[in-house]
>>> print(open('entry17.pdb').read())   # PDB, C-alpha atoms
ATOM      1  CA  MET O   1     -24.127  23.026  23.824
ATOM      2  CA  SER O   2     -27.590  22.749  22.348
ATOM      3  CA  ALA O   3     -28.120  22.370  18.660
ATOM      4  CA  PRO O   4     -29.194  25.522  16.865
ATOM      5  CA  THR O   5     -32.908  25.673  16.252
ATOM      6  CA  GLU O   6     -34.556  26.577  12.996
ATOM      7  CA  THR O   7     -35.780  29.886  14.367
ATOM      8  CA  ALA O   8     -33.049  32.438  14.953
ATOM      9  CA  PRO O   9     -30.751  30.711  17.416
ATOM     10  CA  THR O  10     -29.143  33.041  19.920
ATOM     11  CA  PRO O  11     -25.415  33.750  19.667
ATOM     12  CA  SER O  12     -24.765  31.626  22.753
ATOM     13  CA  HIS O  13     -26.543  28.710  21.099
ATOM     14  CA  ARG O  14     -24.159  29.110  18.192
ATOM     15  CA  GLY O  15     -21.080  28.845  20.402
ATOM     16  CA  GLN O  16     -20.506  32.597  20.200
ATOM     17  CA  GLY O  17     -19.369  35.180  22.742
ATOM     18  CA  GLN O  18     -17.500  32.617  24.807
ATOM     19  CA  SER O  19     -14.092  31.017  25.011
ATOM     20  CA  ILE O  20     -13.998  27.609  23.347
ATOM     21  CA  ASP O  21     -11.202  25.305  24.415
ATOM     22  CA  LEU O  22     -10.391  23.207  21.374
ATOM     23  CA  GLN O  23      -8.462  20.490  23.235
ATOM     24  CA  GLY O  24     -11.301  20.283  25.729
ATOM     25  CA  LYS O  25     -13.751  19.730  22.871
ATOM     26  CA  ILE O  26     -11.438  17.166  21.254
ATOM     27  CA  ALA O  27     -11.384  15.269  24.546
ATOM     28  CA  LEU O  28     -15.160  14.867  24.326
ATOM     29  CA  LEU O  29     -15.056  13.212  20.905
ATOM     30  CA  GLN O  30     -15.777   9.522  20.693
ATOM     31  CA  GLY O  31     -14.047   7.744  17.849
ATOM     32  CA  HIS O  32     -12.445   8.911  14.651
ATOM     33  CA  TRP O  33     -13.969  10.603  11.596
ATOM     34  CA  GLN O  34     -16.837  12.040  13.642
ATOM     35  CA  PRO O  35     -16.712  15.823  13.219
ATOM     36  CA  ARG O  36     -18.677  17.869  15.732
ATOM     37  CA  VAL O  37     -19.580  21.547  15.520
ATOM     38  CA  VAL O  38     -18.226  23.820  18.260
ATOM     39  CA  ALA O  39     -19.191  27.251  16.913
ATOM     40  CA  GLU O  40     -20.649  29.115  13.977
ATOM     41  CA  MET O  41     -19.453  32.274  12.257
ATOM     42  CA  ASN O  42     -22.143  33.620   9.916
ATOM     43  CA  ASP O  43     -22.955  30.648   7.634
ATOM     44  CA  TYR O  44     -19.769  28.770   8.520
ATOM     45  CA  GLN O  45     -19.122  26.091  11.101
ATOM     46  CA  PHE O  46     -16.060  25.235  13.144
ATOM     47  CA  LYS O  47     -15.787  21.499  13.736
ATOM     48  CA  VAL O  48     -13.363  19.421  15.766
ATOM     49  CA  VAL O  49     -12.514  15.915  14.615
ATOM     50  CA  LYS O  50     -10.018  13.150  15.350
ATOM     51  CA  ILE O  51      -8.888  11.095  12.407
ATOM     52  CA  ALA O  52      -6.647   8.073  11.958
ATOM     53  CA  GLY O  53      -5.931   6.204   8.755
ATOM     54  CA  GLU O  54      -7.075   7.061   5.292
ATOM     55  CA  PHE O  55     -10.222   8.842   4.164
ATOM     56  CA  LEU O  56     -11.698   8.557   0.685
ATOM     57  CA  TRP O  57     -11.119  10.733  -2.342
ATOM     58  CA  HIS O  58     -13.732  13.443  -2.504
ATOM     59  CA  GLN O  59     -14.263  17.032  -3.455
ATOM     60  CA  HIS O  60     -16.575  19.859  -2.528
ATOM     61  CA  ARG O  61     -17.849  21.331  -5.766
ATOM     62  CA  ASP O  62     -19.220  24.543  -4.257
ATOM     63  CA  THR O  63     -16.830  25.487  -1.500
ATOM     64  CA  ASP O  64     -13.296  25.704  -0.221
ATOM     65  CA  GLU O  65     -12.542  23.842   3.016
ATOM     66  CA  THR O  66     -10.043  24.635   5.761
ATOM     67  CA  PHE O  67      -7.989  22.229   7.875
ATOM     68  CA  ILE O  68      -6.123  23.498  10.947
ATOM     69  CA  VAL O  69      -3.999  20.849  12.670
ATOM     70  CA  LEU O  70      -4.183  20.912  16.473
ATOM     71  CA  ASP O  71      -2.085  17.794  17.048
ATOM     72  CA  GLY O  72      -0.413  15.112  14.957
ATOM     73  CA  GLN O  73       0.898  14.865  11.427
ATOM     74  CA  LEU O  74      -1.578  15.150   8.559
ATOM     75  CA  ARG O  75      -1.018  14.373   4.911
ATOM     76  CA  ILE O  76      -3.554  15.552   2.342
ATOM     77  CA  ASP O  77      -3.261  14.136  -1.152
ATOM     78  CA  LEU O  78      -4.530  16.432  -3.890
ATOM     79  CA  ARG O  79      -5.438  15.135  -7.352
ATOM     80  CA  ASP O  80      -5.685  17.567 -10.223
ATOM     81  CA  ALA O  81      -7.850  17.305 -13.323
ATOM     82  CA  SER O  82      -5.146  15.384 -15.194
ATOM     83  CA  GLY O  83      -4.960  12.784 -12.440
ATOM     84  CA  ASP O  84      -1.610  13.919 -11.064
ATOM     85  CA  ILE O  85      -1.351  13.549  -7.299
ATOM     86  CA  ARG O  86       0.690  15.660  -4.932
ATOM     87  CA  ALA O  87       0.747  15.639  -1.154
ATOM     88  CA  ILE O  88       0.846  18.425   1.370
ATOM     89  CA  HIS O  89       1.991  17.795   4.926
ATOM     90  CA  LEU O  90       0.737  19.598   8.010
ATOM     91  CA  GLN O  91       1.569  19.407  11.670
ATOM     92  CA  ALA O  92       0.271  21.200  14.760
ATOM     93  CA  GLY O  93       0.026  24.937  14.142
ATOM     94  CA  GLN O  94      -0.236  24.567  10.387
ATOM     95  CA  MET O  95      -3.292  24.980   8.182
ATOM     96  CA  ALA O  96      -4.376  24.416   4.604
ATOM     97  CA  VAL O  97      -7.294  25.605   2.510
ATOM     98  CA  ILE O  98      -8.409  23.028  -0.042
ATOM     99  CA  PRO O  99      -9.805  24.812  -3.098
ATOM    100  CA  GLN O 100     -13.328  23.985  -4.221
ATOM    101  CA  GLY O 101     -13.534  21.277  -6.843
ATOM    102  CA  ILE O 102     -10.143  19.791  -6.054
ATOM    103  CA  GLU O 103     -10.176  16.100  -5.198
ATOM    104  CA  HIS O 104      -8.453  15.454  -1.917
ATOM    105  CA  LYS O 105      -7.851  12.619   0.541
ATOM    106  CA  PRO O 106      -6.680  13.144   4.124
ATOM    107  CA  PHE O 107      -4.342  10.556   5.614
ATOM    108  CA  ALA O 108      -3.096  10.159   9.170
ATOM    109  CA  GLN O 109      -0.516   7.507   9.979
ATOM    110  CA  GLU O 110      -1.302   8.116  13.648
ATOM    111  CA  GLU O 111      -4.144  10.070  15.222
ATOM    112  CA  VAL O 112      -4.497  13.672  14.092
ATOM    113  CA  GLN O 113      -6.661  16.246  15.838
ATOM    114  CA  LEU O 114      -8.170  18.862  13.570
ATOM    115  CA  LEU O 115     -10.228  22.005  13.472
ATOM    116  CA  LEU O 116     -12.270  22.131  10.255
ATOM    117  CA  ILE O 117     -13.956  25.242   8.880
ATOM    118  CA  GLU O 118     -16.557  25.056   6.137
ATOM    119  CA  PRO O 119     -20.025  26.329   5.302
ATOM    120  CA  ARG O 120     -22.941  24.904   7.253
ATOM    121  CA  GLY O 121     -24.351  21.832   5.556
ATOM    122  CA  VAL O 122     -21.252  20.571   3.770
ATOM    123  CA  ALA O 123     -21.068  16.755   3.727
ATOM    124  CA  ASN O 124     -17.799  15.323   5.006
ATOM    125  CA  THR O 125     -17.616  13.035   1.994
ATOM    126  CA  GLY O 126     -18.201  15.890  -0.414
ATOM    127  CA  ASP O 127     -20.282  15.324  -3.523
ATOM    128  CA  GLY O 128     -19.400  11.647  -3.789
ATOM    129  CA  GLU O 129     -21.888   8.933  -3.007
ATOM    130  CA  ALA O 130     -22.830   8.833   0.665
ATOM    131  CA  GLY O 131     -21.492   5.733   2.361
ATOM    132  CA  ALA O 132     -20.136   4.275   5.560
ATOM    133  CA  ARG O 133     -17.809   7.236   6.006
ATOM    134  CA  THR O 134     -20.558   9.829   5.657
ATOM    135  CA  VAL O 135     -21.647  11.196   9.011
ATOM    136  CA  ALA O 136     -24.704  13.139  10.043
ATOM    137  CA  ASN O 137     -24.220  16.839   9.653
ATOM    138  CA  GLY O 138     -24.700  19.576  12.204
ATOM    139  CA  LEU O 139     -23.983  17.550  15.338
ATOM    140  CA  TRP O 140     -22.620  19.719  18.154
ATOM    141  CA  ILE O 141     -20.303  19.012  21.020
TER     142      ILE O 141
ATOM    143  CA  MET P   1       2.757  35.496  -1.405
ATOM    144  CA  SER P   2       1.433  37.865  -4.038
ATOM    145  CA  ALA P   3      -1.721  39.812  -3.432
ATOM    146  CA  PRO P   4      -4.778  38.438  -5.200
ATOM    147  CA  THR P   5      -5.564  40.258  -8.396
ATOM    148  CA  GLU P   6      -8.973  41.535  -9.405
ATOM    149  CA  THR P   7      -9.303  38.911 -12.107
ATOM    150  CA  ALA P   8      -9.788  35.383 -10.807
ATOM    151  CA  PRO P   9      -6.697  34.806  -8.702
ATOM    152  CA  THR P  10      -5.456  31.239  -8.767
ATOM    153  CA  PRO P  11      -5.848  29.098  -5.651
ATOM    154  CA  SER P  12      -2.110  29.307  -4.986
ATOM    155  CA  HIS P  13      -2.333  33.096  -5.066
ATOM    156  CA  ARG P  14      -4.999  32.798  -2.387
ATOM    157  CA  GLY P  15      -2.777  30.757  -0.097
ATOM    158  CA  GLN P  16      -4.655  27.566  -0.980
ATOM    159  CA  GLY P  17      -3.513  23.988  -1.592
ATOM    160  CA  GLN P  18      -0.428  24.393   0.570
ATOM    161  CA  SER P  19       0.630  24.057   4.173
ATOM    162  CA  ILE P  20       0.710  27.401   5.965
ATOM    163  CA  ASP P  21       2.835  27.564   9.084
ATOM    164  CA  LEU P  22       1.129  30.061  11.358
ATOM    165  CA  GLN P  23       4.095  30.657  13.664
ATOM    166  CA  GLY P  24       6.288  31.145  10.618
ATOM    167  CA  LYS P  25       3.880  33.797   9.346
ATOM    168  CA  ILE P  26       3.717  35.435  12.781
ATOM    169  CA  ALA P  27       7.516  35.664  12.765
ATOM    170  CA  LEU P  28       7.323  37.779   9.606
ATOM    171  CA  LEU P  29       5.040  40.390  11.175
ATOM    172  CA  GLN P  30       6.485  43.765  12.000
ATOM    173  CA  GLY P  31       4.855  45.516  14.906
ATOM    174  CA  HIS P  32       1.542  45.073  16.653
ATOM    175  CA  TRP P  33      -2.015  45.585  15.390
ATOM    176  CA  GLN P  34      -0.969  44.932  11.787
ATOM    177  CA  PRO P  35      -3.060  42.008  10.555
ATOM    178  CA  ARG P  36      -1.851  40.287   7.409
ATOM    179  CA  VAL P  37      -3.751  37.823   5.237
ATOM    180  CA  VAL P  38      -2.277  34.337   4.897
ATOM    181  CA  ALA P  39      -5.077  32.539   3.048
ATOM    182  CA  GLU P  40      -8.608  32.834   1.733
ATOM    183  CA  MET P  41     -11.533  30.415   1.999
ATOM    184  CA  ASN P  42     -14.330  31.457  -0.353
ATOM    185  CA  ASP P  43     -15.039  35.106   0.625
ATOM    186  CA  TYR P  44     -13.267  34.820   3.968
ATOM    187  CA  GLN P  45      -9.729  35.683   4.956
ATOM    188  CA  PHE P  46      -7.382  34.180   7.527
ATOM    189  CA  LYS P  47      -5.153  36.839   9.070
ATOM    190  CA  VAL P  48      -2.287  36.624  11.533
ATOM    191  CA  VAL P  49      -1.673  39.494  13.921
ATOM    192  CA  LYS P  50       0.345  40.297  17.023
ATOM    193  CA  ILE P  51      -1.278  42.568  19.547
ATOM    194  CA  ALA P  52      -0.211  44.157  22.814
ATOM    195  CA  GLY P  53      -2.175  46.572  24.950
ATOM    196  CA  GLU P  54      -5.707  47.740  24.439
ATOM    197  CA  PHE P  55      -7.646  48.176  21.216
ATOM    198  CA  LEU P  56     -10.681  50.425  20.855
ATOM    199  CA  TRP P  57     -14.347  49.578  21.269
ATOM    200  CA  HIS P  58     -15.832  48.664  17.933
ATOM    201  CA  GLN P  59     -18.337  46.370  16.295
ATOM    202  CA  HIS P  60     -18.906  44.790  12.927
ATOM    203  CA  ARG P  61     -22.506  45.432  12.020
ATOM    204  CA  ASP P  62     -22.687  42.895   9.195
ATOM    205  CA  THR P  63     -20.561  39.981  10.290
ATOM    206  CA  ASP P  64     -19.370  37.724  13.038
ATOM    207  CA  GLU P  65     -15.609  37.640  13.640
ATOM    208  CA  THR P  66     -13.408  34.792  14.890
ATOM    209  CA  PHE P  67     -10.341  34.969  17.138
ATOM    210  CA  ILE P  68      -8.097  31.920  17.568
ATOM    211  CA  VAL P  69      -5.266  32.421  20.067
ATOM    212  CA  LEU P  70      -1.915  30.990  18.955
ATOM    213  CA  ASP P  71       0.100  32.329  21.883
ATOM    214  CA  GLY P  72      -0.464  34.529  24.914
ATOM    215  CA  GLN P  73      -3.433  35.492  27.044
ATOM    216  CA  LEU P  74      -6.229  37.489  25.418
ATOM    217  CA  ARG P  75      -9.098  39.280  27.096
ATOM    218  CA  ILE P  76     -12.021  40.465  25.011
ATOM    219  CA  ASP P  77     -14.478  42.820  26.670
ATOM    220  CA  LEU P  78     -18.009  42.608  25.318
ATOM    221  CA  ARG P  79     -20.550  45.393  25.847
ATOM    222  CA  ASP P  80     -24.225  44.660  25.379
ATOM    223  CA  ALA P  81     -26.961  47.054  24.305
ATOM    224  CA  SER P  82     -27.636  48.081  27.914
ATOM    225  CA  GLY P  83     -23.989  49.035  28.408
ATOM    226  CA  ASP P  84     -23.132  46.074  30.626
ATOM    227  CA  ILE P  85     -19.597  44.797  30.099
ATOM    228  CA  ARG P  86     -18.360  41.266  30.524
ATOM    229  CA  ALA P  87     -14.982  39.793  29.658
ATOM    230  CA  ILE P  88     -13.997  36.536  28.046
ATOM    231  CA  HIS P  89     -10.495  35.148  28.464
ATOM    232  CA  LEU P  90      -8.623  33.074  25.896
ATOM    233  CA  GLN P  91      -5.243  31.426  25.812
ATOM    234  CA  ALA P  92      -3.379  29.382  23.218
ATOM    235  CA  GLY P  93      -5.630  26.744  21.704
ATOM    236  CA  GLN P  94      -8.813  28.606  22.526
ATOM    237  CA  MET P  95     -11.105  30.513  20.179
ATOM    238  CA  ALA P  96     -14.079  32.844  20.309
ATOM    239  CA  VAL P  97     -16.618  34.015  17.754
ATOM    240  CA  ILE P  98     -17.766  37.585  18.370
ATOM    241  CA  PRO P  99     -21.356  37.968  17.169
ATOM    242  CA  GLN P 100     -22.136  40.659  14.626
ATOM    243  CA  GLY P 101     -23.248  43.936  16.126
ATOM    244  CA  ILE P 102     -21.732  43.288  19.542
ATOM    245  CA  GLU P 103     -19.285  45.933  20.733
ATOM    246  CA  HIS P 104     -15.982  44.411  21.720
ATOM    247  CA  LYS P 105     -12.502  45.474  22.756
ATOM    248  CA  PRO P 106      -9.490  43.134  22.726
ATOM    249  CA  PHE P 107      -6.878  43.580  25.440
ATOM    250  CA  ALA P 108      -3.482  41.944  25.832
ATOM    251  CA  GLN P 109      -1.436  42.596  28.970
ATOM    252  CA  GLU P 110       1.515  41.052  27.139
ATOM    253  CA  GLU P 111       1.886  40.158  23.484
ATOM    254  CA  VAL P 112      -0.764  37.872  22.043
ATOM    255  CA  GLN P 113      -0.482  36.105  18.703
ATOM    256  CA  LEU P 114      -3.751  35.566  16.897
ATOM    257  CA  LEU P 115      -5.365  34.016  13.876
ATOM    258  CA  LEU P 116      -8.384  36.082  12.801
ATOM    259  CA  ILE P 117     -11.098  34.883  10.424
ATOM    260  CA  GLU P 118     -13.561  37.268   8.853
ATOM    261  CA  PRO P 119     -15.038  38.134   5.466
ATOM    262  CA  ARG P 120     -12.771  39.863   2.964
ATOM    263  CA  GLY P 121     -12.951  43.640   3.309
ATOM    264  CA  VAL P 122     -13.832  43.932   6.983
ATOM    265  CA  ALA P 123     -12.138  46.927   8.633
ATOM    266  CA  ASN P 124     -10.173  46.125  11.786
ATOM    267  CA  THR P 125     -11.812  49.037  13.551
ATOM    268  CA  GLY P 126     -15.285  47.936  12.504
ATOM    269  CA  ASP P 127     -17.875  50.522  11.636
ATOM    270  CA  GLY P 128     -16.428  53.187  13.919
ATOM    271  CA  GLU P 129     -14.615  56.194  12.548
ATOM    272  CA  ALA P 130     -11.337  55.289  10.855
ATOM    273  CA  GLY P 131      -8.361  56.525  12.837
ATOM    274  CA  ALA P 132      -4.782  55.846  13.813
ATOM    275  CA  ARG P 133      -5.622  52.226  14.649
ATOM    276  CA  THR P 134      -7.232  51.536  11.287
ATOM    277  CA  VAL P 135      -4.914  49.623   8.970
ATOM    278  CA  ALA P 136      -5.013  49.043   5.254
ATOM    279  CA  ASN P 137      -7.018  46.000   4.337
ATOM    280  CA  GLY P 138      -6.033  43.042   2.240
ATOM    281  CA  LEU P 139      -2.292  43.112   2.911
ATOM    282  CA  TRP P 140      -0.707  39.662   2.599
ATOM    283  CA  ILE P 141       2.274  38.076   4.245
TER     284      ILE P 141
END
>>> encode(input="entry17.pdb", output="structure tokens")
Amino acid sequence: MSAPTETAPTPSHRGQGQSIDLQGKIALLQGHWQPRVVAEMNDYQFKVVKIAGEFLWHQHRDTDETFIVLDGQLRIDLRDASGDIRAIHLQAGQMAVIPQGIEHKPFAQEEVQLLLIEPRGVANTGDGEAGARTVANGLWI
Amino acid sequence: MSAPTETAPTPSHRGQGQSIDLQGKIALLQGHWQPRVVAEMNDYQFKVVKIAGEFLWHQHRDTDETFIVLDGQLRIDLRDASGDIRAIHLQAGQMAVIPQGIEHKPFAQEEVQLLLIEPRGVANTGDGEAGARTVANGLWI
């Protein structure tokens, strides 16, 4: 899969018009917390990622974000404006949409395999300060 | 799940901030070709649907459309501008993004369970003439 170019990438360059095997893409991933794009739908990207352990609190001020669990047990902590924290739990075949502006922190006791859906260009660490957990955006697999 | 209202539905009314069990939603469906919304992400909707048999040729002139197969074997025929037809085949755990403006026709020899992702308000029969296969939009489950 080539990366989309700046000038009108073709549908096939955007992962479109073809069957995409999500487990096959997951198998190509190296390491955890390294999302890779597998397809685009309009201005949105589908990304596969393997995670293990705890991410950092972050939010996406301008967009919702979708998690679909392909394998494993995922916990997402959500913190509301008053600081109260609640957790949602997802396993394979379950999904959650995190509303824009809501602080959240994914946690995986053991490896979790995910399909993420969000607009092109969204940073994995949200609008917090970029750091060691921030990865380059728009990498394909 | 209540339907979103016209006036700023809350995230929970949009299926957000909670775990959504896709097979559990599928189990609530009555009949084939009756997509039902389970969650929204920004202006997009996630819909579950069971299909069996052949749909009609249609296209969506203004948007891409995503199929994620939850169970079964799906064939999608794609027809290009010259009339040439090719088929893509998907099974559980596989997805495809149909590019905007490309005529397509889903086919399921036996029942297929799907998660569809597309912008709010897209007609299931695309921009063709509404008919017996056209269903009301924006119904939740």
>>> residues_around(input="entry17.pdb", residues="Glu40 of chain O", least_positions_apart="2", cutoff="9 Å", atoms="only C-alpha atoms", output="PyMOL selection string")
(chain O and resi 11+14-16+37-38+42-46+120) or (chain P and resi 64+97)
>>> write_last_selection(input="entry17.pdb", atoms="C-alpha atoms", output="compact mmCIF listing (two decimals), in the coordinates of the input")
# COMPACT_ATOMS: atom_id res chain seq x y z
CA PRO O 11 -25.42 33.75 19.67
CA ARG O 14 -24.16 29.11 18.19
CA GLY O 15 -21.08 28.84 20.40
CA GLN O 16 -20.51 32.60 20.20
CA VAL O 37 -19.58 21.55 15.52
CA VAL O 38 -18.23 23.82 18.26
CA ASN O 42 -22.14 33.62 9.92
CA ASP O 43 -22.96 30.65 7.63
CA TYR O 44 -19.77 28.77 8.52
CA GLN O 45 -19.12 26.09 11.10
CA PHE O 46 -16.06 25.24 13.14
CA ARG O 120 -22.94 24.90 7.25
CA ASP P 64 -19.37 37.72 13.04
CA VAL P 97 -16.62 34.02 17.75
>>> resolve_selection(input="entry17.pdb", expression="the PyMOL selection byres ((chain O and resi 66) around 6)", output="ChimeraX atom specification")
/O:65,67,96-97,116-117
>>> write_last_selection(input="entry17.pdb", atoms="C-alpha atoms", output="PDB file, in the coordinates of the input")
ATOM      1  CA  GLU O  65     -12.542  23.842   3.016  1.00  0.00           C
ATOM      2  CA  PHE O  67      -7.989  22.229   7.875  1.00  0.00           C
ATOM      3  CA  ALA O  96      -4.376  24.416   4.604  1.00  0.00           C
ATOM      4  CA  VAL O  97      -7.294  25.605   2.510  1.00  0.00           C
ATOM      5  CA  LEU O 116     -12.270  22.131  10.255  1.00  0.00           C
ATOM      6  CA  ILE O 117     -13.956  25.242   8.880  1.00  0.00           C
TER       7      ILE O 117
END
>>> resolve_selection(input="entry17.pdb", expression="the PyMOL selection byres ((chain P) within 6 of (chain O))", output="PyMOL selection string")
chain P and resi 16-22+41-42+64+90+93-98
>>> calpha_fit_and_write(input="entry17.pdb", fixed="chain P", moving="chain O", output="tab-separated table (two decimals) with C-alpha atoms, in the frame of the given file")
chain	number	residue	atom	x	y	z
O	1	MET	CA	2.77	35.49	-1.39
O	2	SER	CA	1.42	37.86	-4.01
O	3	ALA	CA	-1.71	39.83	-3.44
O	4	PRO	CA	-4.79	38.48	-5.18
O	5	THR	CA	-5.57	40.28	-8.40
O	6	GLU	CA	-8.95	41.56	-9.42
O	7	THR	CA	-9.29	38.93	-12.12
O	8	ALA	CA	-9.80	35.42	-10.82
O	9	PRO	CA	-6.72	34.81	-8.70
O	10	THR	CA	-5.48	31.24	-8.78
O	11	PRO	CA	-5.86	29.08	-5.67
O	12	SER	CA	-2.12	29.29	-5.02
O	13	HIS	CA	-2.35	33.08	-5.08
O	14	ARG	CA	-5.01	32.80	-2.41
O	15	GLY	CA	-2.78	30.76	-0.10
O	16	GLN	CA	-4.64	27.57	-0.99
O	17	GLY	CA	-3.50	24.00	-1.59
O	18	GLN	CA	-0.41	24.41	0.56
O	19	SER	CA	0.65	24.07	4.16
O	20	ILE	CA	0.72	27.40	5.97
O	21	ASP	CA	2.84	27.57	9.09
O	22	LEU	CA	1.12	30.07	11.36
O	23	GLN	CA	4.10	30.65	13.67
O	24	GLY	CA	6.29	31.14	10.62
O	25	LYS	CA	3.88	33.80	9.35
O	26	ILE	CA	3.71	35.44	12.79
O	27	ALA	CA	7.51	35.66	12.77
O	28	LEU	CA	7.32	37.78	9.62
O	29	LEU	CA	5.03	40.39	11.18
O	30	GLN	CA	6.49	43.76	12.01
O	31	GLY	CA	4.84	45.50	14.93
O	32	HIS	CA	1.54	45.07	16.68
O	33	TRP	CA	-2.02	45.59	15.41
O	34	GLN	CA	-0.98	44.95	11.81
O	35	PRO	CA	-3.07	42.01	10.56
O	36	ARG	CA	-1.85	40.29	7.41
O	37	VAL	CA	-3.75	37.83	5.24
O	38	VAL	CA	-2.28	34.33	4.90
O	39	ALA	CA	-5.08	32.54	3.04
O	40	GLU	CA	-8.60	32.84	1.74
O	41	MET	CA	-11.51	30.42	2.00
O	42	ASN	CA	-14.33	31.47	-0.35
O	43	ASP	CA	-15.05	35.10	0.63
O	44	TYR	CA	-13.26	34.82	3.98
O	45	GLN	CA	-9.72	35.68	4.96
O	46	PHE	CA	-7.38	34.19	7.52
O	47	LYS	CA	-5.14	36.84	9.06
O	48	VAL	CA	-2.28	36.62	11.53
O	49	VAL	CA	-1.67	39.50	13.92
O	50	LYS	CA	0.35	40.30	17.03
O	51	ILE	CA	-1.29	42.58	19.54
O	52	ALA	CA	-0.21	44.16	22.81
O	53	GLY	CA	-2.18	46.57	24.95
O	54	GLU	CA	-5.70	47.74	24.44
O	55	PHE	CA	-7.66	48.18	21.22
O	56	LEU	CA	-10.69	50.42	20.86
O	57	TRP	CA	-14.35	49.58	21.27
O	58	HIS	CA	-15.84	48.65	17.94
O	59	GLN	CA	-18.34	46.38	16.31
O	60	HIS	CA	-18.90	44.80	12.94
O	61	ARG	CA	-22.51	45.45	12.02
O	62	ASP	CA	-22.69	42.91	9.19
O	63	THR	CA	-20.56	40.00	10.29
O	64	ASP	CA	-19.36	37.73	13.04
O	65	GLU	CA	-15.60	37.63	13.64
O	66	THR	CA	-13.40	34.80	14.90
O	67	PHE	CA	-10.33	34.98	17.14
O	68	ILE	CA	-8.09	31.93	17.57
O	69	VAL	CA	-5.26	32.42	20.06
O	70	LEU	CA	-1.91	30.99	18.96
O	71	ASP	CA	0.11	32.32	21.89
O	72	GLY	CA	-0.46	34.52	24.92
O	73	GLN	CA	-3.43	35.49	27.04
O	74	LEU	CA	-6.22	37.49	25.42
O	75	ARG	CA	-9.09	39.27	27.10
O	76	ILE	CA	-12.03	40.47	25.01
O	77	ASP	CA	-14.48	42.82	26.66
O	78	LEU	CA	-18.02	42.61	25.31
O	79	ARG	CA	-20.55	45.41	25.84
O	80	ASP	CA	-24.22	44.68	25.38
O	81	ALA	CA	-26.96	47.07	24.30
O	82	SER	CA	-27.63	48.11	27.90
O	83	GLY	CA	-23.99	49.04	28.41
O	84	ASP	CA	-23.13	46.08	30.62
O	85	ILE	CA	-19.60	44.81	30.08
O	86	ARG	CA	-18.36	41.27	30.51
O	87	ALA	CA	-14.98	39.80	29.65
O	88	ILE	CA	-14.00	36.54	28.05
O	89	HIS	CA	-10.49	35.15	28.45
O	90	LEU	CA	-8.63	33.08	25.89
O	91	GLN	CA	-5.24	31.44	25.82
O	92	ALA	CA	-3.37	29.40	23.22
O	93	GLY	CA	-5.63	26.75	21.71
O	94	GLN	CA	-8.81	28.61	22.53
O	95	MET	CA	-11.10	30.52	20.19
O	96	ALA	CA	-14.08	32.85	20.31
O	97	VAL	CA	-16.61	34.03	17.76
O	98	ILE	CA	-17.76	37.59	18.38
O	99	PRO	CA	-21.35	37.97	17.19
O	100	GLN	CA	-22.14	40.67	14.64
O	101	GLY	CA	-23.25	43.95	16.14
O	102	ILE	CA	-21.72	43.30	19.54
O	103	GLU	CA	-19.28	45.95	20.73
O	104	HIS	CA	-15.99	44.42	21.72
O	105	LYS	CA	-12.49	45.47	22.75
O	106	PRO	CA	-9.49	43.13	22.72
O	107	PHE	CA	-6.88	43.57	25.44
O	108	ALA	CA	-3.48	41.95	25.84
O	109	GLN	CA	-1.44	42.60	28.97
O	110	GLU	CA	1.51	41.05	27.15
O	111	GLU	CA	1.90	40.16	23.48
O	112	VAL	CA	-0.76	37.86	22.05
O	113	GLN	CA	-0.47	36.10	18.71
O	114	LEU	CA	-3.75	35.56	16.90
O	115	LEU	CA	-5.35	34.01	13.88
O	116	LEU	CA	-8.37	36.08	12.79
O	117	ILE	CA	-11.08	34.88	10.42
O	118	GLU	CA	-13.55	37.27	8.85
O	119	PRO	CA	-15.03	38.14	5.47
O	120	ARG	CA	-12.78	39.86	2.95
O	121	GLY	CA	-12.96	43.62	3.29
O	122	VAL	CA	-13.83	43.92	6.97
O	123	ALA	CA	-12.13	46.91	8.62
O	124	ASN	CA	-10.20	46.09	11.77
O	125	THR	CA	-11.83	49.00	13.55
O	126	GLY	CA	-15.29	47.91	12.51
O	127	ASP	CA	-17.90	50.51	11.63
O	128	GLY	CA	-16.42	53.16	13.90
O	129	GLU	CA	-14.61	56.17	12.54
O	130	ALA	CA	-11.34	55.26	10.85
O	131	GLY	CA	-8.36	56.48	12.83
O	132	ALA	CA	-4.79	55.80	13.83
O	133	ARG	CA	-5.63	52.20	14.65
O	134	THR	CA	-7.25	51.50	11.28
O	135	VAL	CA	-4.93	49.60	8.97
O	136	ALA	CA	-5.03	49.02	5.25
O	137	ASN	CA	-7.04	45.98	4.35
O	138	GLY	CA	-6.03	43.02	2.24
O	139	LEU	CA	-2.29	43.11	2.91
O	140	TRP	CA	-0.71	39.66	2.60
O	141	ILE	CA	2.27	38.07	4.24
>>> atom_distance(input="entry17.pdb", atom1="atom CA of Lys105 of chain P", atom2="atom CA of Leu74 of chain P")
10.5 Å
>>> residues_around(input="entry17.pdb", residues="Gln30 of chain P", least_positions_apart="2", cutoff="12 Å", atoms="all atoms listed in the file", output="PDB file with C-alpha atoms, in the frame of the given file")
ATOM      1  CA  LYS P  25       3.880  33.797   9.346  1.00  0.00           C
ATOM      2  CA  ILE P  26       3.717  35.435  12.781  1.00  0.00           C
ATOM      3  CA  ALA P  27       7.516  35.664  12.765  1.00  0.00           C
ATOM      4  CA  LEU P  28       7.323  37.779   9.606  1.00  0.00           C
ATOM      5  CA  HIS P  32       1.542  45.073  16.653  1.00  0.00           C
ATOM      6  CA  TRP P  33      -2.015  45.585  15.390  1.00  0.00           C
ATOM      7  CA  GLN P  34      -0.969  44.932  11.787  1.00  0.00           C
ATOM      8  CA  PRO P  35      -3.060  42.008  10.555  1.00  0.00           C
ATOM      9  CA  ARG P  36      -1.851  40.287   7.409  1.00  0.00           C
ATOM     10  CA  VAL P  48      -2.287  36.624  11.533  1.00  0.00           C
ATOM     11  CA  VAL P  49      -1.673  39.494  13.921  1.00  0.00           C
ATOM     12  CA  LYS P  50       0.345  40.297  17.023  1.00  0.00           C
ATOM     13  CA  ILE P  51      -1.278  42.568  19.547  1.00  0.00           C
ATOM     14  CA  ILE P 141       2.274  38.076   4.245  1.00  0.00           C
TER      15      ILE P 141
END
